[in-house]
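Chemist: Next comes run-v9.cif, mmCIF, C-alpha atoms:
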data_run
#
loop_
_atom_site.label_atom_id
_atom_site.label_comp_id
_atom_site.auth_asym_id
_atom_site.auth_seq_id
_atom_site.Cartn_x
_atom_site.Cartn_y
_atom_site.Cartn_z
CA VAL A 1 -19.21 -7.82 29.10
CA HIS A 2 -19.64 -4.09 29.56
CA LEU A 3 -19.54 -2.32 26.24
CA ILE A 4 -18.21 1.18 26.76
CA PRO A 5 -20.66 3.87 25.66
CA VAL A 6 -18.64 6.35 23.64
CA ASN A 7 -21.23 8.92 22.90
CA PRO A 8 -20.28 12.40 24.09
CA VAL A 9 -16.65 11.33 24.62
CA ARG A 10 -16.60 10.10 21.10
CA GLU A 11 -14.28 9.49 18.26
CA ASP A 12 -14.95 12.80 16.63
CA GLY A 13 -14.87 14.53 20.04
CA LEU A 14 -12.03 16.89 19.11
CA ASN A 15 -11.44 18.72 22.35
CA PRO A 16 -7.96 20.18 21.85
CA LYS A 17 -6.24 21.59 24.91
CA SER A 18 -6.29 25.34 24.92
CA ARG A 19 -3.60 26.56 27.27
CA LYS A 20 0.03 25.45 27.43
CA ARG A 21 1.18 23.63 24.33
CA ILE A 22 3.51 20.81 23.61
CA MET A 23 6.22 21.99 21.22
CA PRO A 24 4.61 25.31 20.22
CA ASP A 25 5.42 26.64 16.78
CA LEU A 26 6.82 30.03 17.69
CA LEU A 27 6.15 31.55 14.29
CA THR A 28 2.45 30.76 14.01
CA GLU A 29 1.21 29.99 17.53
CA PRO A 30 -1.53 32.51 18.35
CA PRO A 31 -1.62 34.03 21.86
CA ALA A 32 -5.25 33.20 22.71
CA ILE A 33 -7.75 30.41 22.02
CA ASP A 34 -8.29 30.34 18.28
CA PRO A 35 -10.80 27.70 17.17
CA VAL A 36 -9.72 27.95 13.52
CA TYR A 37 -6.04 27.46 14.39
CA GLU A 38 -6.97 24.48 16.61
CA ALA A 39 -9.00 22.93 13.79
CA HIS A 40 -5.99 23.26 11.44
CA VAL A 41 -3.79 21.47 13.98
CA TYR A 42 -6.42 18.74 14.31
CA CYS A 43 -6.61 18.20 10.53
CA ASN A 44 -2.83 17.60 10.47
CA ILE A 45 -2.58 18.19 6.72
CA PRO A 46 0.78 16.79 5.53
CA SER A 47 2.97 19.71 4.47
CA ILE A 48 6.36 20.53 5.96
CA ALA A 49 8.68 17.88 7.39
CA GLU A 50 7.93 17.27 11.05
CA ARG A 51 10.34 17.94 13.90
CA SER A 52 10.57 14.97 16.20
CA MET A 53 12.41 13.95 19.35
CA GLU A 54 12.03 10.18 19.00
CA GLY A 55 15.22 8.18 19.45
CA HIS A 56 17.18 10.87 21.34
CA ALA A 57 19.41 9.48 24.13
CA PRO A 58 23.00 9.63 25.41
CA HIS A 59 25.31 7.74 23.00
CA TYR A 60 25.96 4.88 25.46
CA PHE A 61 22.24 4.00 25.72
CA LYS A 62 20.78 1.18 23.64
CA LEU A 63 17.20 1.22 22.34
CA VAL A 64 15.65 -2.17 23.10
CA SER A 65 11.94 -1.73 22.36
CA VAL A 66 9.37 0.69 20.95
CA GLN A 67 5.59 0.56 21.46
CA VAL A 68 3.45 2.89 19.34
CA LEU A 69 -0.21 3.80 19.83
CA ILE A 70 -1.70 5.66 16.85
CA ARG A 71 -4.99 7.25 15.97
CA HIS A 72 -6.15 6.46 12.44
CA GLY A 73 -5.56 9.11 9.79
CA ASP A 74 -7.98 11.61 8.25
CA ARG A 75 -11.38 10.07 7.56
CA TYR A 76 -14.74 10.84 6.04
CA PRO A 77 -17.37 11.87 8.66
CA LEU A 78 -19.19 9.30 10.78
CA TYR A 79 -22.34 11.47 10.75
CA ALA A 80 -24.16 13.37 8.04
CA ILE A 81 -25.91 16.71 8.49
CA PRO A 82 -29.54 15.91 7.54
CA LYS A 83 -30.95 17.41 4.33
CA THR A 84 -27.56 18.59 3.04
CA LYS A 85 -25.37 17.20 0.29
CA ARG A 86 -22.55 15.06 1.68
CA PRO A 87 -19.04 16.54 1.24
CA ASP A 88 -17.75 15.52 -2.17
CA ILE A 89 -14.47 13.75 -1.32
CA ASP A 90 -12.83 11.04 -3.41
CA CYS A 91 -11.39 8.08 -1.48
CA MET A 92 -9.60 6.55 -4.48
CA LEU A 93 -5.82 6.69 -4.02
CA VAL A 94 -4.32 8.80 -6.82
CA PRO A 95 -0.54 9.36 -6.48
CA SER A 96 -0.65 12.47 -8.69
CA ARG A 97 -3.20 14.17 -6.41
CA LYS A 98 -2.18 16.16 -3.34
CA PRO A 99 -1.42 15.39 -0.60
CA SER A 100 0.74 12.55 -1.91
CA HIS A 101 3.83 10.58 -0.91
CA PRO A 102 6.77 9.20 -2.96
CA GLN A 103 5.82 5.66 -1.89
CA LEU A 104 2.06 5.93 -2.39
CA GLU A 105 2.08 4.19 -5.78
CA ALA A 106 4.24 1.30 -4.50
CA PHE A 107 2.00 1.07 -1.42
CA ILE A 108 -1.14 0.63 -3.58
CA LYS A 109 0.54 -2.14 -5.64
CA HIS A 110 1.80 -3.95 -2.54
CA MET A 111 -1.54 -3.72 -0.73
CA SER A 112 -3.31 -5.25 -3.74
CA LYS A 113 -1.43 -8.54 -3.11
CA GLY A 114 -1.75 -9.17 0.62
CA SER A 115 -3.26 -12.65 0.65
CA ALA A 116 -0.43 -14.20 2.73
CA ALA A 117 -1.03 -12.01 5.80
CA GLN A 118 -2.51 -13.53 8.94
CA MET A 119 -5.50 -11.41 9.93
CA ASP A 120 -7.63 -12.19 12.97
CA GLY A 121 -11.33 -12.81 12.52
CA THR A 122 -13.20 -10.00 10.80
CA LEU A 123 -9.99 -8.19 9.77
CA SER A 124 -9.46 -10.62 6.88
CA SER A 125 -12.61 -9.32 5.16
CA LEU A 126 -11.58 -5.63 5.34
CA PRO A 127 -10.00 -3.84 2.35
CA HIS A 128 -6.28 -2.99 2.69
CA PHE A 129 -6.69 0.52 1.32
CA PRO A 130 -9.56 2.96 0.62
CA SER A 131 -11.01 2.72 -2.88
CA HIS A 132 -14.37 4.49 -3.31
CA SER A 133 -14.83 7.43 -5.67
CA LEU A 134 -17.22 8.93 -3.10
CA CYS A 135 -15.94 8.11 0.37
CA GLU A 136 -18.10 5.90 2.54
CA MET A 137 -18.94 7.05 6.09
CA GLY A 138 -15.86 6.78 8.31
CA GLU A 139 -13.60 5.72 5.43
CA LEU A 140 -9.90 6.64 5.49
CA THR A 141 -9.06 9.29 2.87
CA GLN A 142 -5.92 9.68 0.77
CA THR A 143 -4.82 12.32 3.27
CA GLY A 144 -5.18 9.71 6.04
CA VAL A 145 -3.04 7.18 4.15
CA VAL A 146 -0.34 9.80 3.45
CA GLN A 147 -0.29 10.89 7.12
CA HIS A 148 0.65 7.36 8.17
CA LEU A 149 3.07 6.76 5.28
CA ARG A 150 4.86 9.81 6.68
CA ASN A 151 4.66 8.53 10.27
CA GLY A 152 6.17 5.21 9.21
CA GLN A 153 8.94 6.86 7.23
CA LEU A 154 9.87 9.16 10.11
CA LEU A 155 9.97 6.27 12.62
CA ARG A 156 11.97 4.12 10.18
CA GLU A 157 14.69 6.75 9.78
CA ILE A 158 15.11 6.88 13.57
CA TYR A 159 14.41 3.36 14.83
CA ILE A 160 15.54 1.19 11.89
CA ASN A 161 18.22 3.21 10.07
CA LYS A 162 19.77 4.84 13.14
CA HIS A 163 19.07 2.51 16.07
CA LYS A 164 18.80 -0.83 14.19
CA LEU A 165 15.75 -1.89 16.25
CA LEU A 166 14.82 -4.53 13.64
CA PRO A 167 17.35 -6.34 11.42
CA GLY A 168 16.87 -6.70 7.66
CA ASP A 169 15.83 -10.34 8.23
CA TRP A 170 13.28 -9.50 10.94
CA THR A 171 10.76 -12.16 11.94
CA ALA A 172 7.05 -12.04 12.75
CA LYS A 173 7.84 -12.72 16.43
CA GLN A 174 9.64 -9.37 16.71
CA LEU A 175 6.39 -7.50 16.00
CA TYR A 176 3.12 -7.26 17.87
CA LEU A 177 0.34 -5.69 15.77
CA GLU A 178 -3.20 -4.99 16.94
CA THR A 179 -6.06 -2.94 15.51
CA THR A 180 -9.76 -2.36 16.09
CA GLY A 181 -12.08 -3.87 13.51
CA LYS A 182 -12.55 -0.71 11.41
CA SER A 183 -11.10 -0.41 7.91
CA ARG A 184 -9.65 3.02 8.81
CA THR A 185 -7.56 1.62 11.69
CA LEU A 186 -6.38 -1.45 9.75
CA GLN A 187 -5.45 0.68 6.72
CA SER A 188 -3.65 3.26 8.90
CA ALA A 189 -1.60 0.46 10.48
CA LEU A 190 -0.69 -0.99 7.08
CA ALA A 191 0.34 2.43 5.73
CA LEU A 192 2.64 3.05 8.71
CA LEU A 193 4.12 -0.47 8.57
CA TYR A 194 4.71 -0.22 4.82
CA THR A 195 7.16 2.68 5.17
CA PHE A 196 8.50 1.59 8.59
CA LEU A 197 9.54 -2.04 8.14
CA PRO A 198 12.96 -2.83 6.60
CA ASP A 199 11.04 -4.94 4.09
CA PHE A 200 7.25 -5.29 4.07
CA ASP A 201 6.70 -9.05 3.79
CA TRP A 202 3.02 -10.06 3.93
CA LYS A 203 3.92 -13.53 5.25
CA LYS A 204 5.31 -11.94 8.44
CA ILE A 205 2.30 -9.69 9.09
CA ASN A 206 0.12 -11.12 11.85
CA MET A 207 -2.58 -8.56 12.66
CA ARG A 208 -4.64 -9.15 15.80
CA HIS A 209 -8.19 -7.87 16.15
CA GLN A 210 -9.16 -5.83 19.25
CA TRP A 211 -12.92 -5.55 19.72
CA SER A 212 -12.73 -2.81 22.38
CA THR A 213 -11.81 0.80 21.52
CA ILE A 214 -9.99 1.04 24.88
CA PHE A 215 -8.03 -2.18 24.19
CA CYS A 216 -9.10 -3.76 27.46
CA SER A 217 -8.83 -7.29 25.95
CA GLY A 218 -9.89 -9.81 28.63
CA SER A 219 -10.14 -7.24 31.46
CA CYS A 220 -13.15 -5.20 30.32
CA ASP A 221 -15.54 -5.88 33.19
CA CYS A 222 -15.27 -2.66 35.21
CA PRO A 223 -18.54 -1.19 36.56
CA MET A 224 -16.84 1.84 38.15
CA ARG A 225 -15.24 2.81 34.85
CA ASN A 226 -18.71 2.98 33.32
CA HIS A 227 -19.94 4.96 36.34
CA TYR A 228 -17.27 7.64 35.88
CA LEU A 229 -17.90 7.80 32.15
CA GLU A 230 -21.62 8.41 32.77
CA GLU A 231 -20.77 11.14 35.30
CA GLU A 232 -18.42 12.73 32.76
CA GLN A 233 -21.15 12.64 30.11
CA ARG A 234 -23.52 14.38 32.52
CA ARG A 235 -20.89 17.09 33.07
CA GLN A 236 -20.57 17.55 29.31
CA TYR A 237 -24.33 17.81 28.88
CA SER A 238 -24.64 20.37 31.65
CA LEU A 239 -21.88 22.56 30.13
CA ARG A 240 -23.58 22.40 26.73
CA VAL A 241 -26.98 23.41 28.13
CA LYS A 242 -25.44 26.46 29.82
CA ASN A 243 -23.86 27.76 26.60
CA ASN A 244 -26.33 30.27 25.12
CA ASP A 245 -24.14 31.09 22.10
CA LEU A 246 -24.00 27.42 21.21
CA GLU A 247 -27.78 27.05 21.52
CA LYS A 248 -28.35 30.07 19.23
CA ILE A 249 -25.99 28.61 16.64
CA TYR A 250 -27.77 25.25 16.73
CA VAL A 251 -31.17 26.95 16.34
CA ASP A 252 -29.85 28.98 13.39
CA MET A 253 -28.26 25.94 11.67
CA ALA A 254 -31.42 23.88 12.21
CA LYS A 255 -33.47 26.61 10.43
CA ILE A 256 -31.02 26.58 7.49
CA VAL A 257 -31.35 22.84 6.97
CA GLY A 258 -35.06 22.73 7.93
CA ILE A 259 -35.04 20.24 10.80
CA PRO A 260 -35.74 20.46 14.57
CA THR A 261 -32.80 21.74 16.64
CA ARG A 262 -32.68 18.54 18.65
CA GLN A 263 -32.28 16.46 15.47
CA LEU A 264 -29.44 18.67 14.26
CA ARG A 265 -27.61 18.36 17.58
CA ALA A 266 -28.02 14.58 17.51
CA SER A 267 -26.46 14.45 14.04
CA ASN A 268 -23.27 15.83 15.59
CA PRO A 269 -22.64 18.52 12.94
CA ILE A 270 -19.05 19.27 14.03
CA ASP A 271 -17.87 15.88 12.75
CA SER A 272 -19.17 16.68 9.29
CA LEU A 273 -18.09 20.34 9.38
CA LEU A 274 -14.53 19.35 10.28
CA CYS A 275 -14.40 17.25 7.13
CA TYR A 276 -15.45 20.25 5.00
CA PHE A 277 -12.88 22.36 6.85
CA CYS A 278 -9.96 19.89 6.63
CA HIS A 279 -10.57 19.30 2.92
CA ASN A 280 -11.16 22.97 2.09
CA VAL A 281 -14.67 22.30 0.80
CA SER A 282 -17.37 25.00 1.22
CA PHE A 283 -19.79 24.39 4.09
CA PRO A 284 -23.25 23.21 2.92
CA CYS A 285 -25.99 25.57 1.73
CA THR A 286 -29.77 25.25 1.31
CA LYS A 287 -32.45 27.61 -0.02
CA ALA A 288 -32.70 29.03 3.50
CA GLY A 289 -29.02 30.02 3.65
CA CYS A 290 -25.55 28.65 4.27
CA ILE A 291 -23.77 27.15 7.24
CA GLY A 292 -20.72 29.39 7.69
CA MET A 293 -17.45 29.86 9.52
CA GLU A 294 -19.22 31.64 12.40
CA HIS A 295 -21.30 28.53 13.12
CA PHE A 296 -18.16 26.41 12.96
CA LYS A 297 -16.16 28.69 15.30
CA VAL A 298 -18.81 28.74 18.05
CA ILE A 299 -19.14 24.93 18.10
CA LYS A 300 -15.35 24.54 17.99
CA ARG A 301 -14.81 27.07 20.80
CA HIS A 302 -17.30 25.18 22.97
CA GLN A 303 -15.22 22.02 22.51
CA LEU A 304 -12.13 23.86 23.70
CA GLU A 305 -14.00 25.08 26.79
CA ASP A 306 -15.32 21.57 27.41
CA GLU A 307 -11.78 20.19 27.30
CA ARG A 308 -10.59 22.79 29.80
CA GLU A 309 -13.41 22.02 32.23
CA ARG A 310 -12.84 18.30 31.74
CA GLN A 311 -9.28 18.69 33.01
CA GLU A 312 -10.47 20.59 36.09
CA LYS A 313 -13.37 18.34 37.14
CA LYS A 314 -11.35 15.07 37.31
CA LEU A 315 -14.28 12.75 36.41
CA TYR A 316 -12.66 11.97 33.08
CA PHE A 317 -9.33 11.33 34.82
CA LEU A 318 -10.95 8.71 37.08
CA TYR A 319 -12.58 7.12 34.02
CA ALA A 320 -9.23 7.21 32.17
CA LEU A 321 -7.31 5.43 34.95
CA LEU A 322 -9.72 2.49 34.89
CA ALA A 323 -10.19 2.51 31.11
CA THR A 324 -6.48 2.37 30.28
CA HIS A 325 -5.07 0.12 32.98
CA PRO A 326 -5.37 -3.11 30.90
CA LEU A 327 -3.48 -1.54 27.97
CA LEU A 328 -0.82 0.12 30.16
CA ASN A 329 -0.40 -3.11 32.12
CA GLN A 330 0.26 -4.98 28.86
CA THR A 331 2.78 -2.28 27.87
CA VAL A 332 4.64 -2.54 31.19
CA ASN A 333 4.66 -6.37 31.21
CA ARG A 334 6.19 -6.37 27.74
CA MET A 335 8.88 -3.88 28.82
CA GLN A 336 9.73 -6.05 31.84
CA ARG A 337 10.11 -9.15 29.66
CA ILE A 338 12.42 -7.30 27.26
CA ALA A 339 14.44 -5.86 30.17
CA GLU A 340 14.96 -9.48 31.29
CA GLY A 341 16.47 -10.32 27.90
CA LYS A 342 13.54 -11.56 25.78
CA LYS A 343 13.89 -10.67 22.09
CA GLU A 344 10.25 -10.93 21.05
CA GLU A 345 7.77 -8.09 20.36
CA VAL A 346 10.45 -5.38 20.27
CA PHE A 347 8.19 -3.27 18.02
CA VAL A 348 4.51 -2.93 18.91
CA LEU A 349 1.81 -1.08 16.99
CA TYR A 350 -1.70 -0.48 18.32
CA SER A 351 -3.91 1.17 15.70
CA ALA A 352 -6.78 2.89 17.43
CA HIS A 353 -9.05 5.92 17.84
CA ASP A 354 -9.09 9.25 19.68
CA VAL A 355 -11.18 7.54 22.39
CA THR A 356 -8.17 5.24 22.90
CA LEU A 357 -5.38 7.83 22.97
CA SER A 358 -7.19 10.53 24.92
CA PRO A 359 -7.71 8.51 28.14
CA VAL A 360 -4.13 7.17 27.98
CA LEU A 361 -2.78 10.75 27.95
CA SER A 362 -5.08 11.66 30.82
CA ALA A 363 -4.19 8.58 32.91
CA LEU A 364 -0.45 9.24 32.48
CA GLY A 365 -1.00 12.78 33.78
CA ILE A 366 -0.04 14.48 30.50
CA THR A 367 -2.65 17.20 30.94
CA GLU A 368 -1.05 19.77 28.63
CA ALA A 369 -1.38 17.62 25.52
CA ARG A 370 -3.81 18.53 22.77
CA PHE A 371 -6.71 16.24 21.98
CA PRO A 372 -5.49 13.53 19.54
CA ARG A 373 -5.40 14.90 16.00
CA PHE A 374 -5.74 12.70 12.93
CA ALA A 375 -2.76 10.28 12.75
CA ALA A 376 -1.61 11.23 16.28
CA ARG A 377 1.09 8.95 17.69
CA LEU A 378 2.06 8.14 21.28
CA VAL A 379 5.40 6.31 21.58
CA PHE A 380 6.87 4.38 24.53
CA GLU A 381 10.63 3.81 24.15
CA LEU A 382 12.59 1.39 26.38
CA TRP A 383 16.35 2.00 26.75
CA GLN A 384 19.17 0.03 28.32
CA ASP A 385 22.01 1.85 30.05
CA GLY A 386 25.21 0.68 28.31
CA LYS A 387 27.30 1.42 31.40
CA ARG A 388 24.92 -0.44 33.72
CA PRO A 389 23.16 -3.03 31.53
CA LYS A 390 20.72 -4.07 34.28
CA GLU A 391 19.25 -0.54 34.39
CA HIS A 392 16.41 0.35 32.01
CA PHE A 393 14.72 3.67 31.31
CA ILE A 394 11.67 4.83 29.38
CA ARG A 395 10.80 7.84 27.27
CA ILE A 396 7.27 8.79 26.25
CA LEU A 397 6.68 10.95 23.16
CA TYR A 398 3.48 12.46 21.80
CA ASN A 399 3.54 13.57 18.16
CA GLY A 400 7.32 13.79 18.34
CA ALA A 401 7.47 15.86 21.55
CA ASP A 402 9.12 14.36 24.64
CA VAL A 403 6.44 14.33 27.36
CA THR A 404 8.20 11.92 29.75
CA PHE A 405 8.52 14.49 32.52
CA GLN A 406 4.95 15.69 32.19
CA THR A 407 3.77 12.30 33.45
CA SER A 408 2.53 12.15 37.05
CA PHE A 409 5.00 9.37 37.95
CA CYS A 410 8.15 11.05 36.61
CA LYS A 411 7.60 14.77 37.24
CA ASP A 412 9.85 14.86 40.31
CA HIS A 413 12.55 12.56 38.97
CA TYR A 414 13.50 15.18 36.39
CA LYS A 415 14.76 17.56 39.08
CA ARG A 416 17.15 14.97 40.57
CA SER A 417 18.48 13.16 37.51
CA SER A 418 21.03 14.02 34.85
CA LYS A 419 19.57 11.39 32.48
CA PRO A 420 16.93 12.58 30.01
CA MET A 421 14.56 9.71 30.77
CA CYS A 422 12.60 7.93 33.49
CA PRO A 423 13.60 4.72 35.34
CA LEU A 424 11.45 1.78 34.20
CA GLU A 425 10.58 0.98 37.85
CA LYS A 426 8.72 4.28 38.19
CA PHE A 427 6.42 3.36 35.29
CA VAL A 428 6.01 -0.20 36.62
CA ASN A 429 5.09 1.05 40.13
CA PHE A 430 2.63 3.53 38.68
CA VAL A 431 0.79 0.91 36.60
CA LYS A 432 0.91 -1.93 39.14
CA ARG A 433 0.16 0.08 42.28
CA ASP A 434 -0.14 3.88 42.17
CA MET A 435 -2.96 4.05 39.58
CA PHE A 436 -5.32 2.61 42.23
CA LEU A 437 -4.42 4.87 45.18
CA ILE A 438 -7.00 7.51 44.25
CA PHE A 439 -9.70 4.78 44.48
CA ASN A 440 -8.38 3.67 47.89
CA SER A 441 -7.67 0.29 46.26
CA THR A 442 -4.70 -1.97 45.68
CA SER A 443 -5.74 -3.70 42.46
CA TYR A 444 -7.57 -3.10 39.19
CA TYR A 445 -10.34 -5.54 40.15
CA ASP A 446 -10.88 -3.85 43.50
CA ALA A 447 -10.90 -0.33 41.96
CA CYS A 448 -13.39 -1.50 39.32
CA HIS A 449 -15.83 -2.97 41.82
CA ARG A 450 -15.51 -0.59 44.80
CA LYS A 451 -18.31 1.97 45.18
CA ALA A 452 -17.41 5.60 44.39
CA LEU A 453 -16.08 7.56 47.36
#
Could you rewrite the structure in this file as C-alpha cells?

Modeler:
Amino acid sequence: VHLIPVNPVREDGLNPKSRKRIMPDLLTEPPAIDPVYEAHVYCNIPSIAERSMEGHAPHYFKLVSVQVLIRHGDRYPLYAIPKTKRPDIDCMLVPSRKPSHPQLEAFIKHMSKGSAAQMDGTLSSLPHFPSHSLCEMGELTQTGVVQHLRNGQLLREIYINKHKLLPGDWTAKQLYLETTGKSRTLQSALALLYTFLPDFDWKKINMRHQWSTIFCSGSCDCPMRNHYLEEEQRRQYSLRVKNNDLEKIYVDMAKIVGIPTRQLRASNPIDSLLCYFCHNVSFPCTKAGCIGMEHFKVIKRHQLEDERERQEKKLYFLYALLATHPLLNQTVNRMQRIAEGKKEEVFVLYSAHDVTLSPVLSALGITEARFPRFAARLVFELWQDGKRPKEHFIRILYNGADVTFQTSFCKDHYKRSSKPMCPLEKFVNFVKRDMFLIFNSTSYYDACHRKAL
C-alpha cells in the first residue's frame, strides 16, 4: 500500500486561484490579488444567504441522482506556532453564540442519541459533535458545524422539497455515505445530513470509513501518482526558496517567537494564523514583538503565487489525474447504474479534505476554481431527459456555481448544444479512457505503472 504523502500539498494548503473567478461578487470583488480578501473567502464565515445554481434544468428534465463531495467545515489548526499561546477558541456548541443556526439546538440533542447508527470501524468511537471548551488540534468549531447545517438546508430546499429526490419514507439503500476517519469530517457529514434528510433517522445512517484522503479505496497502488506528487513538492520547494520577501518574513517571525527560522517554517505558521484571522482573534505576541497582518499577507500572497505556478507547470495535474481516477470511476459507475434504472444510492455524500477536492477540480479541468474553502462542496447531478428517457445528462457545481462547461470533456459541447448540461457519455468516456491519454496509456493500472515520459 502506498500511503500518499500530503506534506506541502496539505490540508491547510490554502492556495486560492488568483485570476478569473467563479461567480464573482460584483460589489466586493477587488481588481487585483488581495491576500486578505482571499483569506476571507477561504474562511467562509456564514453570513448572508448563498446564491446557488444547484437543481436548475429545463422543466421536462428529471433529477435522478446527486453525488456530493464536501470539505469539512472550519476547524482548529493542525499545527501550533512554537512558544506562543494557542488561539483561545471554544469548541462547545452554544446556540446563542454567533455564528449560529435555527436548528443547532435540535442538532445537538439529536446527535447526543445516535447509538443506532451503523458506523464502520474506527468511526464508531468518534464523537458526533465537537465539545471541548478549548478546541483540540484539528477539531471542528461551531462555525464549521453551522457551515454544514447551512449546506444541508440549502441542498434540502432544492433536492428534497423541489425535486423530490428522496421520499419521506426514504431507506438506507438510497444513500451512500463515506468519510475519512477524522472527527471533523464525520461531524461535518452529520451536520449536513441532519438538515438535508427529510427525517434524520439514526437507524438508516450507515457511514462507511475511507482510510485514504484521496478516496482510492482498493485501487491505491499507483507508483506514478507518487512520482508526480514528489515532483510537485520539489516545484513548491523551489518556488519558496526563490521568494526573498517570504524568507525575510520567516526570519522576522522566528525572532519574535525565539526559535530557529527552519523550526518556524516546519510548524507551518499559516495554518495557525488563518485560525486567528477567521475567528477575528489578535495574532500572537511575545516580549520580542507581535506577529502582524504584514507577516500574514506575505505568506498568503506566496500561496496565491504558488497556486498560479501550479496551474502552469502541469505536474499537479498529472498527479491529480491518477489520484482521483478511483473516486471518479466510482462516481461514473454509480451514474451508469442509475441511468439503467437502479434506485439505490441516489444520494451520495463523501466527507473529505481540501487534499481530496483540490485534485478532483484539477483532474476535471476546472482550472479557474478557487482552492477549496472550509465547507466547500462539489456536486455531480444526473438528469434524465423527459422527452427522451434513455438520454442522461450531468451537471457539475462548485460552491453553487455551475462549472459543467469549464470541464475539459465538456468545453466544446457547450457551443453546439441548446441544453444547459453535458451528455453522460462524455463524462464516462473521459473517466474510462481519456484520462489516460496524456500518459500514453489505456488503463489506470498501465498509467500508474508506466515510467514518466

Chemist: Care to translate the PyMOL selection byres ((chain A and resi 67) around 7) into actual residues of this file, as a list in words?

Modeler: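 Listing what the PyMOL selection byres ((chain A and resi 67) around 7) selects in the shown file: Ser65, Val66, Val68, Leu69, Phe347, Val348, Leu349, Val379, Phe380 and Glu381 of chain A.
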
Chemist: Determine the nearest neighbour of His325 (chain A) from the options A:Arg395, A:His279, A:Arg235, A:Arg433, counting only C-alpha atoms.

Modeler: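 Comparing A:Arg395, A:His279, A:Arg235, A:Arg433 against His325 (chain A), the winner is A:Arg433.
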
Chemist: For the point (6.0, 17.8, 21.8) in file coordinates, what residues are within 12 Å, counting all atoms listed in the file? Give the answer as an MDAnalysis selection string?

Modeler: chainID A and resid 20:25 50:54 366 368:370 376:379 396:406

Chemist: One decimal, Å: what's the distance from CA of Gln311 (chain A) over to CA of Ile438 (chain A), could you say?

Modeler: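 That distance, rounded to one decimal, is 16.0 Å.
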
Chemist: Could you tell me which residues the PyMOL selection byres ((chain A and resi 107) around 12) returns for this structure, as an NGL selection string?

Modeler: :A and (93-95 or 100-106 or 108-114 or 128-130 or 142 or 145-146 or 148-149 or 187-188 or 190-196 or 200)
